[in-house]
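Below you'll find the structure, written out as structure tokens, and then a few comments.
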Amino acid sequence: MPYFPPCRREKERRGKKVRDRKEGSRERLLRVRRFSSVCSLRSISCFLFQDLFIFFRDLFISIQSGPATMSSLSRELVFLILQFLDEEKFKETVHKLEQESGFYFNMKYFEDEVHNGNWDEVERYLSGFTKVDDNRYSMKIFFEIRKQKYLEALDKHDRSKAVDILVKDLKVFATFNEELFKEITQLLTLENFRENEQLSKYGDTKSARAIMLVELKKLIEANPLFRDKLQFPTLKNSRLRTLINQSLNWQHQLCKNPRPNPDIKTLFVDHTCAQPNGARAPSPANNPLLGSLPKAGGFPPLGAHGPFQPTPAPVPTPLAGWMSNPSVTHPAVSGGPIGLGGPSIPAALKHPRTPPANISVDYPPGDSDHVAKRTRPMGITDEVNLPVNVLPVTFPGHGHSQAFNAPDDLPKTVTRTLNQGSSPMSMDFHPQQHTLLLVGTNVGDIGLWEVGSRERLVLRNFKVWDVGVCSMPLQAALVKDPGVSVNRIIWSPDGTLFGVAYSRHIVQIYSYHGGDDVRQHLEIDAHVGGVNDLAFSNPNKQLCVITCGDDKTIKVWDAGTGAKQYTFEGHEAPVYSVCPHYKENIQFIFSTALDGKIKAWLYDNMGSRVDYDAPGRWCTTMAYSADGTRLFSCGTSKDGESYIVEWNESEGAVKRTYQGFRKRSSGVGVVQFDTTKNRFLAAGDDFSIKFWDMDNVQLLTSIDADGGLPASPRIRFNKDGTLLAVSGNENVIKILANSEGVRLLRTFENLSYDVSRASETVSKPTISSITAAATSGVTDRGPSVVSIAGMNGDTRNLGDVKPRLTEETNDKSKIWKLTEINEPSQCRALRLPENLRTTKISRLIYTNSGNAILALAANAIHLLWKWQRSDRNSSGKATASVSPQLWQPPSGILMTNDITDINPEESVPCFALSKNDSYVMSASGGKISLFNMMTFKTMTTFMPLPPAATFLAFHPQDNNIIAIGMDDSTIHIYNVRVDEVKSKLKGHSKRITGLAFSHELNVLVSSGADAQLCVWNSDGWEKQKSKFLQVPPGRTLSAQSDTRVQFHQDQVHFLVVHETQLAIYETTKLECVKQWVATAPISHATFSCDSQLVYASFLDATVSVFTAANLRLRCRINPSSYLPASLSSSVHPLVIAAHPQEPNQFALGLSDGGVHVFEPLESEGKWGVPPPVENGSASTVPALSSVGASGSDQPQR
């Protein structure tokens, strides 16, 4: 790894320490030199434990007191000693050594001391790493600590101590902010400092320390002086003991008379075996200090394990240091925002085994969306956006191993031929909807294809959205030649946006909302000349657009606002491609130019970290494999030689060059390439598509896709590698598929056939006595499996799809009668006492105790029904056998939400009940209200508009933390106690319609009106994954369509409810494992309390009961069983709630303001008969029998 000099401030700090410690420094240095001279494996044990503490102290004083007196391996020795001391429980010594060495900041110890209020120790420990005036972060850290100490003294009414702290500790900050110091001083005059407006929310001491600690941790993590000191290196247990054992073994090897079982009595002198005298000493393998010794005979050479090895000479080649750039200097702290500094890119591209010792530059946080860190099925990560237009590079060949036959999982069969109307220049599959293809053409058109149904959903011609705001060079260029081509089209990592880079100045960003709903989002006049490439990235948790162009620059733009964040200059030719990536928490961008230069940039303004010539000296494109571990480039030289190579990142050299290209005449074009499955490379060359195994340089296979390909066809895999889009002659796009891809596409053919038949024969959803084949409505889904909707909502596994679905009903073993409830006598149903002031029921929930039901009506009024203990109801729990009381407190007040200046009938109501049923948090389009459930009094209101809250969920471990979904698509993490929004989560494009916590996985799952699911880590609130629902073909999303989520009792799977479907998802992979597609719109659904059943209500007033393990229908309750004939056509259920202890009881909230409670007949005890298990089902996902495990804990609600 190249050496980056320490920052100037660090040098000055070290120099000051040298001057302060001149006295005695000679003796200390002699001690260190003595140590260095004897610290080989042969004799390290002789010195390690002699005068241990004095040595540690002097050693680390010398580390900081002279230029380069300690090597990085000596620094590693510090960590070994720290590990040893910690294992031996020398806790005070460990922290003293951490503080004096300044190598490792123990955040856990620091937190404990802050929580305990040991302020002197807190400052003493900090002093080993920073001083008050080192930088603004350090100043803020010390200020917060001393301010807290001062406030605690005031809170205890210890005025003298407060004055002492003010004079001795806080006065130092007066020189930086005199007004602040005066305000702090004035607190002494107040009887209670909380009278100060800024301190009015100060709670007790414990909570105040906790809040302050959160701020301190952020400051420490952002402080460049701490950046490489917060992680302890990964070491095997007792590493120092192991090294000593190796040393002793080596000493034993050197003995003149080595004995089989030497007696190791001391470490203070070198070991030698005494002359044999007939007696055998005990084996050192039993020595409790040393542990076991390696067996004799297998001793490594001395140099292999020596702690002070000589530094190897640099490789004498221009590419020896992949990231070396001696002409660029890097200051420690950039002038940009916190968290973006001048990190050293070598740390990202090399893989050091130990923390770098000399890097003191300010690293940007590696907080790119956790989406970017996961491995996708396709061969690119979220951070790596492969350029489609690829240019060349020339490298020496590496041939090894012969070619072998193409595996079956390569997409080779032509299954679709699409006619775009103009020549495709760039293509990209949606990251989650694997059959959705974007296309950009040579005349500036963009198309969006559903390749499964061969339907072009969108066609847009090039048009400048707002010519008036365009630059004069662009307007002049368009007047001179209006012809525009698409150079690049690409989806954002989550598929909610896509970007188009044009050959004239412009970048256009569209937002995608499902189906054919594509909307203009941003238009950026990005570059002078053509925009040659475009990519999305997530530095600092913020989605950005990266562009490059003919003006020789790379630019970074905010994807939300279009604001320019960075401009990277340094190329001397037009920039051809960009490749953003991250490694080891470092975010960076590769760029290539038409002169063959490759550069790398961090998200700062400090110049490139790489500057060298790509072999071939023409343009090239670069891309990582899906897991981010392998780097490839592809291109064509000016002489017509084409190359794909893999790079050795640690050395910046070519690792292997893939063979099989044919030299072409100049002007024919450049090779296009792509990667997939972390295994295969593909390139369009010589009127064909060529494939390689990444680990074999020989050509794997070549196909011509039934002919009709250009010399250099453009290619693009979908994300799981089952489909490959290839550009052909005469404006066509060919879709190639492997066996799995063929099955995927066939489902669309069958689906189209079934939907058309259903539309001809069914005018209104009706279900009579039907067979299991017609009522299952279930698909066991793998990552690329899509459900098939039949006439009655039937969906099946793709592996079992047959041309004629009706033939499957002939299997007599599958015949099973659905339980139909048509009469009131077939179940127990109770309509609860009504309040004439209410309108439709918008939200409904049982209390956690199970003895009451709470409803929120559309007019913002809450209704509470309570069941009392009686002879007929000894438990006092909710039941359909006994009518409850519509309860109100003696005051007669109602719980009514704030509806100032809004129409509650048009708003989105929401509420959440605390775990102890003591209060409810609720909103009906206005402020959020907190009500006392015993008195109905409004305790407080908060979160003024806009935006309005649309969903509320309590944190499962802390009632003071609430997740609030908003109508502007954001999620606010709100702390009730301190009245503060702690985090704001952005990932949806429409209002939030569902939130659910998993305390098992520590995640929050959100759903929105955009039919998107997102998974957020509930510790740091980073987005981990996201996915759009697969909307059944032929169905469109309505603007008001809600998507709800609820966790299963196992806290790993969750239920997704959409008007078109019910689905069970597995959270960690965000994969749909079960799906049931509806014919009538679903209004709501919920798990039973034991997660064995799913209750669903429909807009046709029916209610269905499903077995949760396989989402198979077992019972249907028709409206005639609970609604009068006069209402059955105009009233329907809007919400459904399950009893928290009785798995067969549920309640409905109706559109006429009524609430009904349902239970099966006592003689039956359950809803319907479970459907039989299909023995012949070729399920791709195991049945959810394990998911439906019983338990006593109440499910997530």
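Note on naming: chains are A, B, ... as they come in the structure tokens, residues start from 1 per chain, ligands start from 1 in the order shown.
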**Item:** Exercise: Glu523 of chain A partners within 10 Å, only C-alpha atoms, chain neighbours under 6 positions left out, as JSON, numbers by chain
**Value:** {"A": [464, 465, 466, 469, 470, 499, 500, 506, 507, 508, 509, 510, 562]}
Include all heavy atoms and write out the residues we just selected as a tab-separated table (two decimals), in the first residue's frame.
```tsv
chain	number	residue	atom	x	y	z
A	464	VAL	N	-36.31	18.18	-25.05
A	464	VAL	CA	-35.81	18.96	-23.93
A	464	VAL	C	-37.01	19.47	-23.14
A	464	VAL	O	-37.91	20.09	-23.70
A	464	VAL	CB	-34.94	20.14	-24.41
A	464	VAL	CG1	-34.48	20.98	-23.24
A	464	VAL	CG2	-33.74	19.62	-25.19
A	465	TRP	N	-37.05	19.18	-21.87
A	465	TRP	CA	-38.22	19.50	-21.05
A	465	TRP	C	-38.40	21.01	-20.88
A	465	TRP	O	-39.52	21.50	-20.87
A	465	TRP	CB	-38.12	18.82	-19.69
A	465	TRP	CG	-38.09	17.32	-19.78
A	465	TRP	CD1	-38.43	16.57	-20.86
A	465	TRP	CD2	-37.69	16.40	-18.76
A	465	TRP	NE1	-38.27	15.23	-20.59
A	465	TRP	CE2	-37.82	15.09	-19.30
A	465	TRP	CE3	-37.24	16.53	-17.46
A	465	TRP	CZ2	-37.51	13.95	-18.58
A	465	TRP	CZ3	-36.94	15.40	-16.73
A	465	TRP	CH2	-37.07	14.12	-17.29
A	466	ASP	N	-37.31	21.70	-20.70
A	466	ASP	CA	-37.41	23.15	-20.49
A	466	ASP	C	-36.24	23.82	-21.20
A	466	ASP	O	-35.15	23.98	-20.65
A	466	ASP	CB	-37.38	23.48	-18.99
A	466	ASP	CG	-37.73	24.94	-18.71
A	466	ASP	OD1	-37.77	25.74	-19.66
A	466	ASP	OD2	-37.96	25.28	-17.53
A	469	VAL	N	-34.25	27.04	-19.72
A	469	VAL	CA	-33.22	27.01	-18.69
A	469	VAL	C	-31.94	26.34	-19.18
A	469	VAL	O	-30.98	26.22	-18.42
A	469	VAL	CB	-33.73	26.28	-17.42
A	469	VAL	CG1	-34.95	26.98	-16.86
A	469	VAL	CG2	-34.06	24.82	-17.72
A	470	CYS	N	-31.92	25.91	-20.43
A	470	CYS	CA	-30.72	25.25	-20.96
A	470	CYS	C	-29.64	26.28	-21.25
A	470	CYS	O	-29.91	27.46	-21.52
A	470	CYS	CB	-31.05	24.50	-22.25
A	470	CYS	SG	-32.12	23.08	-22.00
A	499	GLY	N	-31.97	6.74	-15.40
A	499	GLY	CA	-31.30	7.88	-15.98
A	499	GLY	C	-30.96	7.64	-17.44
A	499	GLY	O	-30.69	6.51	-17.85
A	500	VAL	N	-30.97	8.72	-18.23
A	500	VAL	CA	-30.65	8.66	-19.64
A	500	VAL	C	-29.58	9.71	-19.93
A	500	VAL	O	-29.78	10.90	-19.64
A	500	VAL	CB	-31.88	8.92	-20.53
A	500	VAL	CG1	-31.55	8.63	-21.98
A	500	VAL	CG2	-33.08	8.10	-20.07
A	506	ILE	N	-27.24	16.75	-22.23
A	506	ILE	CA	-28.37	16.55	-21.34
A	506	ILE	C	-28.33	15.18	-20.64
A	506	ILE	O	-27.95	14.16	-21.24
A	506	ILE	CB	-29.70	16.65	-22.13
A	506	ILE	CG1	-29.96	18.11	-22.50
A	506	ILE	CG2	-30.88	16.11	-21.35
A	506	ILE	CD1	-30.37	18.97	-21.35
A	507	VAL	N	-28.76	15.20	-19.38
A	507	VAL	CA	-29.11	13.98	-18.64
A	507	VAL	C	-30.55	14.16	-18.16
A	507	VAL	O	-30.90	15.19	-17.60
A	507	VAL	CB	-28.18	13.76	-17.43
A	507	VAL	CG1	-28.74	12.69	-16.51
A	507	VAL	CG2	-26.79	13.37	-17.90
A	508	GLN	N	-31.37	13.16	-18.40
A	508	GLN	CA	-32.74	13.18	-17.92
A	508	GLN	C	-32.97	12.02	-16.96
A	508	GLN	O	-32.58	10.89	-17.26
A	508	GLN	CB	-33.74	13.11	-19.08
A	508	GLN	CG	-33.74	14.38	-19.93
A	508	GLN	CD	-34.70	14.31	-21.11
A	508	GLN	OE1	-35.13	13.23	-21.51
A	508	GLN	NE2	-35.03	15.45	-21.69
A	509	ILE	N	-33.57	12.31	-15.82
A	509	ILE	CA	-33.87	11.31	-14.80
A	509	ILE	C	-35.39	11.17	-14.72
A	509	ILE	O	-36.10	12.16	-14.54
A	509	ILE	CB	-33.31	11.69	-13.42
A	509	ILE	CG1	-31.82	12.06	-13.53
A	509	ILE	CG2	-33.51	10.55	-12.43
A	509	ILE	CD1	-30.92	10.94	-13.97
A	510	TYR	N	-35.87	9.94	-14.88
A	510	TYR	CA	-37.29	9.63	-14.78
A	510	TYR	C	-37.55	8.86	-13.49
A	510	TYR	O	-36.69	8.09	-13.02
A	510	TYR	CB	-37.76	8.79	-15.96
A	510	TYR	CG	-37.78	9.50	-17.30
A	510	TYR	CD1	-36.63	9.58	-18.08
A	510	TYR	CD2	-38.95	10.06	-17.79
A	510	TYR	CE1	-36.65	10.21	-19.32
A	510	TYR	CE2	-38.98	10.70	-19.03
A	510	TYR	CZ	-37.83	10.77	-19.78
A	510	TYR	OH	-37.86	11.40	-21.01
A	562	GLY	N	-31.04	17.38	-8.01
A	562	GLY	CA	-30.26	17.78	-9.18
A	562	GLY	C	-29.13	18.72	-8.86
A	562	GLY	O	-28.43	19.20	-9.78
```
**Message:** Quick check for you: according to DSSP on this backbone, which residues of segment 108-154 of chain A are classed as helix (DSSP H, G or I)? Reply as an MDAnalysis selection string.
**Reply:** chainID A and resid 108:116 119:127 136:154
**Request:** Can you work out the spacing between atom CA of Gln957 of chain A and atom CA of Val978 of chain A in Å, to one decimal?
**Result:**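 Taking atom CA of Gln957 of chain A and atom CA of Val978 of chain A, their separation equals 17.0 Å.
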**Message:** Residues within 8 Å of Arg1114 of chain A, please, as number ranges by chain. Count only C-alpha atoms; anything in the same chain fewer than 2 positions from it doesn't count.
**Reply:** A: 818-819, 1104-1107, 1112, 1116, 1167-1171
File of the preceding selection, N, CA and C atoms, as a short mmCIF file (atom, residue, chain, number, x, y, z; two decimals), in the first residue's frame:
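Generated file (out06.cif):
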```cif
data_model
loop_
_atom_site.label_atom_id
_atom_site.label_comp_id
_atom_site.auth_asym_id
_atom_site.auth_seq_id
_atom_site.Cartn_x
_atom_site.Cartn_y
_atom_site.Cartn_z
N LEU A 818 -64.74 -26.59 -0.51
CA LEU A 818 -64.53 -25.38 0.26
C LEU A 818 -65.71 -25.17 1.21
N THR A 819 -65.45 -24.75 2.44
CA THR A 819 -66.52 -24.44 3.38
C THR A 819 -67.10 -23.07 3.05
N SER A 1104 -62.66 -14.13 3.61
CA SER A 1104 -62.04 -15.43 3.36
C SER A 1104 -61.06 -15.76 4.47
N VAL A 1105 -60.99 -17.05 4.79
CA VAL A 1105 -60.05 -17.55 5.78
C VAL A 1105 -59.07 -18.48 5.07
N PHE A 1106 -57.78 -18.18 5.18
CA PHE A 1106 -56.73 -18.95 4.52
C PHE A 1106 -55.87 -19.68 5.55
N THR A 1107 -55.32 -20.80 5.15
CA THR A 1107 -54.27 -21.44 5.92
C THR A 1107 -52.98 -20.69 5.64
N ARG A 1112 -53.78 -21.16 1.24
CA ARG A 1112 -54.86 -21.85 0.55
C ARG A 1112 -56.17 -21.59 1.27
N ARG A 1116 -65.06 -19.51 3.26
CA ARG A 1116 -65.50 -18.22 2.76
C ARG A 1116 -66.80 -17.83 3.47
N TRP A 1167 -62.54 -22.49 11.73
CA TRP A 1167 -63.08 -22.08 10.43
C TRP A 1167 -62.74 -23.11 9.37
N GLY A 1168 -63.74 -23.83 8.88
CA GLY A 1168 -63.56 -24.71 7.75
C GLY A 1168 -62.63 -25.87 8.02
N VAL A 1169 -62.31 -26.57 6.95
CA VAL A 1169 -61.43 -27.73 7.00
C VAL A 1169 -60.17 -27.39 6.21
N PRO A 1170 -59.00 -27.63 6.79
CA PRO A 1170 -57.77 -27.31 6.05
C PRO A 1170 -57.72 -28.06 4.73
N PRO A 1171 -57.29 -27.41 3.65
CA PRO A 1171 -57.19 -28.09 2.35
C PRO A 1171 -56.10 -29.15 2.40
#
```
**Request:** Would you mind reading off the distance between atom CA of Leu219 of chain A and atom CA of Ser537 of chain A, one decimal, in Å?
**Result:**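 Going from atom CA of Leu219 of chain A over to atom CA of Ser537 of chain A, I get 24.8 Å.
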**Asked** So which residues touch Asn873 of chain A within 12 Å, counting only C-alpha atoms, skipping near sequence neighbours fewer than 4 positions away, as a PyMOL selection string?
**Response** chain A and resi 851+867-869+877-884
**Prompt:** Between A:Asn116, A:Gln1030, A:Thr940, A:Gln1145, which one has atoms that come closest to Ser207 of chain A, using only C-alpha atoms?
**Reply:**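 Closest candidate: A:Asn116.
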**Fill in**
Of A:Ala705, A:Ala501, A:Ala682, A:Ala1096, the one sitting nearest Ser1083 of chain A when using only C-alpha atoms is A:Ala1096
**Item:** Distance in Å - atom CA of Ile644 of chain A versus atom CA of Ser423 of chain A
**Value:**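 Going from atom CA of Ile644 of chain A over to atom CA of Ser423 of chain A covers 24.9 Å.
Nearest to Ala210 of chain A of all the residues A:Gly117, A:Gly483, A:Pro224, A:Pro909 is A:Gly117, counting only C-alpha atoms.
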**Request:** Kindly indicate which residue among A:Val742, A:Leu97, A:Val414, A:Ala857 lies nearest to Phe79 of chain A, using only C-alpha atoms for the distances.
**Result:**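 So, comparing all the options, the nearest one is A:Leu97.
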Per residue of segment 833-884 of chain A within 10 Å of segment 891-903 of chain A, record the nearest atom pair and its distance in Å to one decimal, counting only C-alpha atoms, with rows in chain order and ascending residue number, as a tab-separated table.
```
residue	atom	partner	partner_atom	distance
A:Leu856	CA	A:Thr896	CA	9.1
A:Ala857	CA	A:Thr896	CA	9.6
A:Ala858	CA	A:Asn903	CA	9.7
A:Asn859	CA	A:Thr896	CA	8.5
A:Ala860	CA	A:Asn897	CA	5.2
A:Ile861	CA	A:Thr896	CA	4.6
A:His862	CA	A:Met895	CA	5.4
A:Leu863	CA	A:Met895	CA	7.9
A:Leu864	CA	A:Met895	CA	9.6
```
Dump N, CA, C and O atoms for the selected residues as a PDB file, in the first residue's frame?
```
ATOM      1  N   LEU A 856     -61.263   3.570  14.778  1.00  0.00           N
ATOM      2  CA  LEU A 856     -61.123   4.971  14.383  1.00  0.00           C
ATOM      3  C   LEU A 856     -61.999   5.172  13.162  1.00  0.00           C
ATOM      4  O   LEU A 856     -61.814   4.516  12.128  1.00  0.00           O
ATOM      5  N   ALA A 857     -62.978   6.059  13.287  1.00  0.00           N
ATOM      6  CA  ALA A 857     -63.892   6.320  12.186  1.00  0.00           C
ATOM      7  C   ALA A 857     -63.328   7.389  11.265  1.00  0.00           C
ATOM      8  O   ALA A 857     -62.402   8.128  11.617  1.00  0.00           O
ATOM      9  N   ALA A 858     -63.905   7.474  10.086  1.00  0.00           N
ATOM     10  CA  ALA A 858     -63.409   8.424   9.089  1.00  0.00           C
ATOM     11  C   ALA A 858     -63.603   9.863   9.505  1.00  0.00           C
ATOM     12  O   ALA A 858     -62.952  10.761   8.967  1.00  0.00           O
ATOM     13  N   ASN A 859     -64.528  10.124  10.474  1.00  0.00           N
ATOM     14  CA  ASN A 859     -64.723  11.499  10.941  1.00  0.00           C
ATOM     15  C   ASN A 859     -63.813  11.845  12.114  1.00  0.00           C
ATOM     16  O   ASN A 859     -64.066  12.792  12.847  1.00  0.00           O
ATOM     17  N   ALA A 860     -62.746  11.050  12.331  1.00  0.00           N
ATOM     18  CA  ALA A 860     -61.687  11.311  13.316  1.00  0.00           C
ATOM     19  C   ALA A 860     -62.087  10.976  14.748  1.00  0.00           C
ATOM     20  O   ALA A 860     -61.369  11.320  15.683  1.00  0.00           O
ATOM     21  N   ILE A 861     -63.229  10.313  14.970  1.00  0.00           N
ATOM     22  CA  ILE A 861     -63.667   9.939  16.312  1.00  0.00           C
ATOM     23  C   ILE A 861     -63.286   8.494  16.606  1.00  0.00           C
ATOM     24  O   ILE A 861     -63.420   7.619  15.736  1.00  0.00           O
ATOM     25  N   HIS A 862     -62.805   8.249  17.838  1.00  0.00           N
ATOM     26  CA  HIS A 862     -62.471   6.898  18.269  1.00  0.00           C
ATOM     27  C   HIS A 862     -63.644   6.278  19.028  1.00  0.00           C
ATOM     28  O   HIS A 862     -64.336   6.973  19.789  1.00  0.00           O
ATOM     29  N   LEU A 863     -63.814   4.980  18.831  1.00  0.00           N
ATOM     30  CA  LEU A 863     -64.847   4.222  19.529  1.00  0.00           C
ATOM     31  C   LEU A 863     -64.188   3.069  20.268  1.00  0.00           C
ATOM     32  O   LEU A 863     -63.328   2.382  19.704  1.00  0.00           O
ATOM     33  N   LEU A 864     -64.588   2.862  21.519  1.00  0.00           N
ATOM     34  CA  LEU A 864     -64.008   1.805  22.333  1.00  0.00           C
ATOM     35  C   LEU A 864     -65.124   0.935  22.903  1.00  0.00           C
ATOM     36  O   LEU A 864     -65.998   1.426  23.634  1.00  0.00           O
TER      37      LEU A 864
END
```
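The residue set within 8 Å of Thr272 of chain A, counting only C-alpha atoms and dropping same-chain residues fewer than 5 places from it, reads Gln251, His252, Cys255 and Pro258 of chain A.
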Please write the residues from the selection above to a file, keeping C-alpha atoms, as a short mmCIF file (atom, residue, chain, number, x, y, z; two decimals), in the first residue's frame.
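Final file, result.cif:
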```cif
data_model
loop_
_atom_site.label_atom_id
_atom_site.label_comp_id
_atom_site.auth_asym_id
_atom_site.auth_seq_id
_atom_site.Cartn_x
_atom_site.Cartn_y
_atom_site.Cartn_z
CA GLN A 251 15.02 -21.74 20.24
CA HIS A 252 14.55 -25.42 20.96
CA CYS A 255 19.71 -26.27 21.02
CA PRO A 258 17.50 -30.81 22.04
#
```
**Message:** Please list as a VMD selection string every residue within 6 Å of Ala1009 of chain A, counting only C-alpha atoms and excluding residues in the same chain fewer than 5 positions away.
**Reply:** chain A and resid 990 to 991 1041 to 1042
**Item:** 8 Å contact set for Gly529 of chain A, only C-alpha atoms, chain neighbours under 5 positions out, as a PyMOL selection string
**Value:** chain A and resi 474+503-505+549-551
**Message:** I'd like to know which of A:Asn916, A:Gln148, A:Thr234, A:Ser1007 is closest to Gln83 of chain A, using only C-alpha atoms.
**Reply:** A:Thr234
**Prompt:** With only C-alpha atoms as the atoms that count, which of A:Lys915, A:Ala711, A:Phe632, A:Met694 lies nearest to Val670 of chain A?
**Reply:**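 Closest residue, counting only C-alpha atoms: A:Ala711.
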